[in-house]
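Pasting entry-v5.txt here (compact mmCIF, C-alpha atoms):
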# COMPACT_ATOMS: atom_id res chain seq x y z
CA MET D 1 -17.60 19.38 -13.59
CA ALA D 2 -16.74 23.07 -13.65
CA ALA D 3 -18.91 23.56 -10.58
CA GLU D 4 -17.27 20.63 -8.78
CA LEU D 5 -13.77 22.01 -9.40
CA GLY D 6 -14.65 25.07 -7.35
CA ARG D 7 -15.97 22.97 -4.47
CA LEU D 8 -13.03 20.58 -4.08
CA THR D 9 -10.79 21.12 -1.09
CA PRO D 10 -7.05 20.30 -1.13
CA ARG D 11 -7.85 17.15 0.84
CA ASP D 12 -10.48 16.16 -1.73
CA ARG D 13 -7.85 16.49 -4.45
CA LEU D 14 -5.48 14.35 -2.40
CA LEU D 15 -8.14 11.66 -2.12
CA LEU D 16 -8.68 11.71 -5.88
CA ASP D 17 -4.96 11.36 -6.54
CA LEU D 18 -4.60 8.51 -4.05
CA LEU D 19 -7.55 6.59 -5.45
CA ASP D 20 -6.35 7.16 -9.00
CA GLN D 21 -2.94 5.68 -8.14
CA HIS D 22 -3.96 2.94 -5.69
CA ARG D 23 -7.55 2.13 -6.75
CA THR D 24 -9.29 1.54 -3.42
CA PHE D 25 -9.06 2.06 0.34
CA THR D 26 -11.19 1.17 3.32
CA THR D 27 -12.69 3.92 5.45
CA ASP D 28 -10.09 3.33 8.18
CA GLN D 29 -7.25 3.54 5.65
CA LEU D 30 -8.55 6.88 4.40
CA VAL D 31 -8.74 8.08 8.01
CA ASP D 32 -5.03 7.24 8.31
CA LEU D 33 -4.16 8.87 5.01
CA ALA D 34 -6.09 12.11 5.13
CA PHE D 35 -8.33 12.69 8.13
CA GLY D 36 -7.42 11.53 11.63
CA SER D 37 -11.04 11.29 12.77
CA VAL D 38 -13.50 8.60 11.73
CA GLY D 39 -16.46 10.96 12.15
CA ARG D 40 -14.99 13.67 9.90
CA ALA D 41 -13.94 11.06 7.35
CA ARG D 42 -17.39 9.50 7.12
CA ASN D 43 -19.10 12.88 6.76
CA ARG D 44 -16.84 14.05 3.96
CA LEU D 45 -16.66 10.72 2.14
CA ASN D 46 -20.44 10.43 2.12
CA THR D 47 -20.74 13.99 0.82
CA LEU D 48 -18.34 13.21 -2.03
CA ARG D 49 -20.26 10.03 -2.77
CA ASP D 50 -23.55 11.95 -2.96
CA ARG D 51 -21.90 14.12 -5.62
CA ASP D 52 -20.64 11.05 -7.56
CA ILE D 53 -17.03 12.09 -6.96
CA LEU D 54 -16.42 8.90 -4.99
CA ASP D 55 -18.10 5.51 -4.99
CA ARG D 56 -18.05 2.66 -2.51
CA PHE D 57 -18.79 -1.05 -2.20
CA ARG D 58 -18.65 -3.86 0.33
CA HIS D 59 -19.59 -7.51 0.57
CA TYR D 60 -22.22 -8.96 2.83
CA GLN D 61 -20.85 -10.83 5.81
CA ARG D 62 -22.05 -12.23 9.10
CA PRO D 63 -21.77 -11.19 11.84
CA GLY D 64 -21.47 -7.43 11.46
CA SER D 65 -20.81 -5.39 8.35
CA GLN D 66 -17.74 -5.29 6.19
CA ALA D 67 -15.97 -1.93 6.05
CA TRP D 68 -16.74 0.18 2.99
CA ARG D 69 -14.18 0.12 0.20
CA TRP D 70 -13.92 3.50 -1.53
CA THR D 71 -13.01 4.19 -5.13
CA LEU D 72 -13.46 6.89 -7.76
CA GLY D 73 -17.00 7.72 -8.81
CA PRO D 74 -17.99 8.87 -12.31
CA VAL D 75 -17.37 12.55 -11.59
CA GLY D 76 -14.09 11.85 -9.78
CA ALA D 77 -12.82 9.72 -12.67
CA ALA D 78 -13.84 12.45 -15.11
CA LEU D 79 -11.98 15.08 -13.08
CA ILE D 80 -8.82 12.94 -13.16
CA ALA D 81 -9.15 12.42 -16.92
CA ALA D 82 -9.75 16.12 -17.54
CA GLY D 83 -6.64 17.01 -15.57
CA ARG D 84 -4.61 14.79 -17.91
CA GLY D 85 -6.24 16.03 -21.08
CA GLU D 86 -7.78 12.59 -21.69
CA THR D 87 -11.20 11.64 -23.01
CA LEU D 88 -13.72 11.69 -20.19
CA PRO D 89 -14.92 8.19 -19.26
CA ARG D 90 -18.62 7.42 -19.51
CA PRO D 91 -20.29 6.87 -16.11
CA ALA D 92 -21.25 3.31 -17.07
CA VAL D 93 -17.60 2.49 -17.78
CA VAL D 94 -16.57 3.78 -14.35
CA ARG D 95 -19.34 1.79 -12.65
CA ASP D 96 -18.28 -1.35 -14.51
CA ALA D 97 -14.68 -0.88 -13.36
CA THR D 98 -15.87 -0.58 -9.76
CA ALA D 99 -17.91 -3.78 -10.07
CA ARG D 100 -14.91 -5.65 -11.47
CA LEU D 101 -12.74 -4.35 -8.65
CA ALA D 102 -15.31 -5.43 -6.06
CA MET D 103 -15.23 -8.98 -7.43
CA SER D 104 -11.49 -9.16 -8.10
CA PRO D 105 -9.69 -12.13 -6.51
CA THR D 106 -6.75 -9.81 -5.78
CA LEU D 107 -8.79 -7.24 -3.84
CA ALA D 108 -7.71 -8.49 -0.40
CA HIS D 109 -4.07 -8.37 -1.48
CA LEU D 110 -4.42 -4.83 -2.82
CA LEU D 111 -6.03 -3.65 0.41
CA THR D 112 -3.25 -5.29 2.44
CA VAL D 113 -0.57 -3.43 0.47
CA ASN D 114 -2.44 -0.14 0.65
CA GLY D 115 -3.02 -0.62 4.37
CA PHE D 116 0.71 -1.06 4.92
CA PHE D 117 1.46 2.34 3.42
CA ALA D 118 -1.56 4.00 5.01
CA THR D 119 -0.32 2.93 8.43
CA LEU D 120 3.10 4.44 7.73
CA THR D 121 1.42 7.68 6.69
CA ALA D 122 -0.57 7.79 9.93
CA HIS D 123 2.59 7.12 11.96
CA ALA D 124 4.38 10.02 10.27
CA ARG D 125 1.53 12.36 11.20
CA THR D 126 2.15 11.82 14.91
CA TYR D 127 5.95 11.45 14.97
CA PRO D 128 7.92 14.61 14.09
CA GLY D 129 10.84 13.82 11.79
CA ALA D 130 9.19 10.77 10.24
CA ARG D 131 7.82 10.84 6.70
CA LEU D 132 6.80 8.52 3.89
CA VAL D 133 8.75 10.25 1.16
CA ARG D 134 7.65 8.03 -1.73
CA TRP D 135 5.01 5.41 -2.45
CA TRP D 136 4.80 3.53 -5.73
CA ASN D 137 2.03 1.16 -6.72
CA GLU D 138 2.62 -2.18 -8.44
CA ALA D 139 2.39 -0.72 -11.94
CA ARG D 140 5.01 1.96 -11.21
CA CYS D 141 7.27 -0.72 -9.68
CA ARG D 142 7.03 -2.78 -12.87
CA GLU D 143 8.13 0.25 -14.90
CA ALA D 144 11.23 0.58 -12.69
CA CYS D 145 12.06 -3.15 -12.55
CA GLY D 146 11.17 -4.33 -16.04
CA ASN D 147 10.54 -8.06 -16.18
CA LEU D 148 13.05 -8.91 -13.45
CA VAL D 149 10.65 -8.80 -10.52
CA ARG D 150 7.15 -7.58 -9.67
CA PRO D 151 7.09 -5.91 -6.24
CA ASP D 152 3.73 -5.13 -4.69
CA GLY D 153 4.94 -1.67 -3.74
CA HIS D 154 7.94 0.57 -3.16
CA GLY D 155 8.51 3.29 -0.63
CA VAL D 156 11.12 5.53 0.92
CA TRP D 157 10.81 5.97 4.68
CA ALA D 158 12.63 8.89 6.29
CA ASP D 159 13.15 9.28 10.02
CA ASN D 160 15.27 12.04 11.57
CA GLY D 161 17.55 12.43 8.59
CA ARG D 162 17.94 8.78 7.58
CA ALA D 163 16.12 7.57 4.48
CA VAL D 164 15.54 3.89 3.75
CA PRO D 165 14.18 2.85 0.34
CA PHE D 166 12.49 -0.55 0.21
CA TRP D 167 10.43 -2.99 -1.83
CA VAL D 168 7.31 -4.60 -0.35
CA GLU D 169 6.00 -8.11 -0.92
CA ALA D 170 2.69 -8.68 0.87
CA ASP D 171 1.89 -12.30 1.72
CA LEU D 172 -1.60 -13.48 2.68
CA GLY D 173 -0.52 -17.02 3.48
CA THR D 174 -2.08 -18.44 0.32
CA GLU D 175 1.17 -19.34 -1.48
CA THR D 176 3.71 -22.01 -0.61
CA LEU D 177 6.83 -20.88 1.23
CA ALA D 178 8.91 -22.05 -1.72
CA ARG D 179 7.01 -19.71 -4.02
CA VAL D 180 7.44 -16.77 -1.62
CA ALA D 181 11.18 -17.47 -1.33
CA GLY D 182 11.44 -17.90 -5.10
CA LYS D 183 10.45 -14.27 -5.67
CA LEU D 184 13.75 -13.16 -4.12
CA THR D 185 15.76 -14.40 -7.10
CA GLY D 186 14.50 -11.54 -9.25
CA TYR D 187 15.65 -8.95 -6.73
CA ALA D 188 19.21 -10.26 -7.01
CA ALA D 189 19.12 -9.36 -10.71
CA LEU D 190 18.23 -5.70 -10.14
CA PRO D 191 20.94 -3.11 -10.78
CA PRO D 192 22.90 -1.96 -7.69
CA ARG D 193 21.03 1.34 -7.50
CA ARG D 194 17.77 -0.58 -7.03
CA ALA D 195 19.17 -3.01 -4.44
CA TYR D 196 16.75 -1.91 -1.75
CA PRO D 197 15.83 -4.15 1.21
CA VAL D 198 12.92 -6.48 0.43
CA LEU D 199 10.22 -6.38 3.10
CA LEU D 200 8.05 -9.48 3.41
CA TRP D 201 4.83 -8.43 5.15
CA LEU D 202 3.31 -11.61 6.59
CA PRO D 203 -0.04 -12.34 8.27
CA THR D 204 1.02 -14.31 11.36
CA ALA D 205 3.99 -15.11 13.58
CA ALA D 206 3.73 -18.80 12.70
CA ARG D 207 4.02 -18.00 9.01
CA GLU D 208 7.09 -15.86 9.72
CA THR D 209 8.79 -18.60 11.78
CA ASN D 210 8.20 -21.15 9.05
CA LEU D 211 9.49 -18.82 6.34
CA HIS D 212 12.73 -18.12 8.23
CA ALA D 213 13.26 -21.85 8.65
CA HIS D 214 12.72 -22.32 4.91
CA LEU D 215 15.14 -19.52 4.04
CA ARG D 216 17.80 -20.95 6.34
CA ARG D 217 17.63 -24.17 4.32
CA SER D 218 17.34 -22.64 0.86
CA GLY D 219 19.44 -19.52 1.40
CA VAL D 220 18.90 -15.91 0.33
CA PRO D 221 20.35 -14.75 -3.01
CA ASP D 222 23.61 -12.84 -2.74
CA GLY D 223 23.20 -9.10 -2.46
CA VAL D 224 19.57 -9.22 -1.30
CA THR D 225 18.63 -7.95 2.15
CA VAL D 226 15.39 -9.55 3.33
CA ALA D 227 13.41 -8.52 6.41
CA THR D 228 10.11 -9.87 7.66
CA ALA D 229 7.36 -8.59 9.92
CA THR D 230 3.85 -9.72 10.72
CA ALA D 231 0.64 -7.76 10.78
CA ASP D 232 -0.46 -9.20 14.12
CA HIS D 233 2.82 -8.40 15.88
CA ALA D 234 3.16 -4.96 14.30
CA ALA D 235 -0.33 -3.92 15.42
CA ALA D 236 0.87 -4.06 19.04
CA SER D 237 4.38 -2.72 18.39
CA GLY D 238 4.03 0.60 16.62
CA GLY D 239 3.05 -0.63 13.18
CA PRO D 240 5.48 -1.23 10.29
CA ALA D 241 7.58 1.79 11.32
CA GLY D 242 8.34 0.22 14.72
CA PRO D 243 10.92 -2.35 15.87
CA VAL D 244 9.13 -5.22 14.15
CA TRP D 245 11.52 -6.14 11.29
CA ARG D 246 13.57 -9.30 11.55
CA ILE D 247 16.39 -9.48 9.03
CA VAL D 248 16.92 -12.99 7.70
CA GLY D 249 19.96 -14.45 9.45
CA HIS D 250 19.70 -12.13 12.47
CA PRO D 251 17.70 -12.77 15.66
CA ASP D 252 16.91 -9.20 16.72
CA ARG D 253 14.18 -6.93 15.40
CA VAL D 254 14.83 -3.38 14.23
CA ARG D 255 12.83 -0.32 13.22
CA LEU D 256 12.11 0.33 9.56
CA ALA D 257 14.44 3.33 9.66
CA ASP D 258 17.27 1.15 10.96
CA LEU D 259 17.24 -1.41 8.16
CA PRO D 260 20.57 -1.61 6.32
CA THR D 261 20.76 -0.22 2.81
CA PRO D 262 23.39 -1.74 0.50
CA GLY D 263 26.11 0.70 -0.50
CA GLY D 264 25.16 0.86 -4.16
CA ALA D 265 21.48 1.48 -3.60
CA ALA D 266 20.21 4.98 -4.31
CA TRP D 267 16.93 6.78 -4.74
CA ASP D 268 16.29 9.86 -6.79
CA GLY D 269 14.81 11.90 -3.97

Represent the structure contained in this file as structure tokens.
Amino acid sequence: MAAELGRLTPRDRLLLDLLDQHRTFTTDQLVDLAFGSVGRARNRLNTLRDRDILDRFRHYQRPGSQAWRWTLGPVGAALIAAGRGETLPRPAVVRDATARLAMSPTLAHLLTVNGFFATLTAHARTYPGARLVRWWNEARCREACGNLVRPDGHGVWADNGRAVPFWVEADLGTETLARVAGKLTGYAALPPRRAYPVLLWLPTAARETNLHAHLRRSGVPDGVTVATATADHAAASGGPAGPVWRIVGHPDRVRLADLPTPGGAAWDG
């Protein structure tokens, strides 16, 4: 481990921190987060894997191959633990955790959430004045919200001097619309300083249309700003930073930086 510490680059340390906080990323997501070139990413990621700093997995599929999912390897997990003054995990324990992650029924959801924030990070790299100021995982969100609500993620997006804090709920289309809408009740119970807009990240335009129709009938809790966007539309419209967000009750779409923030909301930036 002492030898590895001297060989880690600042980008390697960033990768370790990101994987420690957010568990796993695809190769393309890591390109967005830290590289900018698929070739450079693959070369460095494979080097780190050969040194057991990173590990990877993927499922068999036809046709083609599934993208690699990257996570901490035994040496990477030990480096993280050492930095915290914690007991170093045994390699077998780290391998077991990777196997459980690979078979987790929530893996697709986790990758969807992480991909949302990775895309914002990539956007900020190419647009001066734009920056993802903060990114919390689900566990950190629970600490901030208690038992009131369980967001999938939280971020603060800054663009040319305006900062918009937000909660993210990623939807894969597997839950009923009533269940998706029911999550909004908890956001109404948050204190005013946490009354950030709730972003519902949906898979398709049809799902979004049906959800808006449901919310028109059921209503949105008082004090909660809800905006929706879809992965398929956003891919052709500048990603989640672009003019892809439709606020419930309004027909037009706005950029992430232009979403309204309730007067009482604040973030400790």

Arg90 of chain D environment, 10 Å, all atoms listed in the file, sequence neighbours closer than 5 positions dropped, as a list in words: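 Residues near the query, excluding close chain neighbours: Pro74, Val75, Ala77, Ala78 and Arg95 of chain D.
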
Residue contacts of segment 246-249 of chain D (9 Å, all atoms listed in the file) excluding same-chain residues fewer than 5 positions away, as a list in words: His212, Leu215, Arg216, Val220, Thr225, Val226, Ala227, Thr228, Ala229, Val254 and Leu259 of chain D

Option closest in space to Thr204 of chain D, from D:Gly155, D:Gly173, D:Pro251, D:Gly115 [counting all atoms listed in the file]: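 Under the stated criterion, the closest residue is D:Gly173.
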
Test item: residues at most 9 Å from Arg140 of chain D, all atoms listed in the file, excluding those fewer than 5 positions along its chain, as an MDAnalysis selection string: chainID D and resid 145 153:154

Selected residue of minimal separation from Leu5 of chain D among D:Ala82, D:Val38, D:Leu54, D:Leu72, counting all atoms listed in the file: D:Ala82

Option closest in space to Leu190 of chain D, from D:Asp96, D:Asp222, D:Glu208, D:Glu86 [counting only C-alpha atoms]: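 The shortest atom-to-atom distance to Leu190 of chain D comes from D:Asp222.
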
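Nearest-residue note for Arg84 of chain D: choosing from D:Arg253, D:Asp20, D:Gly239, D:Arg69, the minimum distance belongs to D:Asp20, counting all atoms listed in the file.
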
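Of the listed residues (D:Arg194, D:Arg23, D:Arg134, D:His233), D:His233 comes nearest to Trp245 of chain D; the distances count only C-alpha atoms.
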
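Across the model, the gap from atom CA of Arg255 of chain D to atom CA of Ala139 of chain D is 27.2 Å.
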
Atom pair atom CA of Arg11 of chain D / atom CA of Gly36 of chain D: separation (Å): 12.2 Å
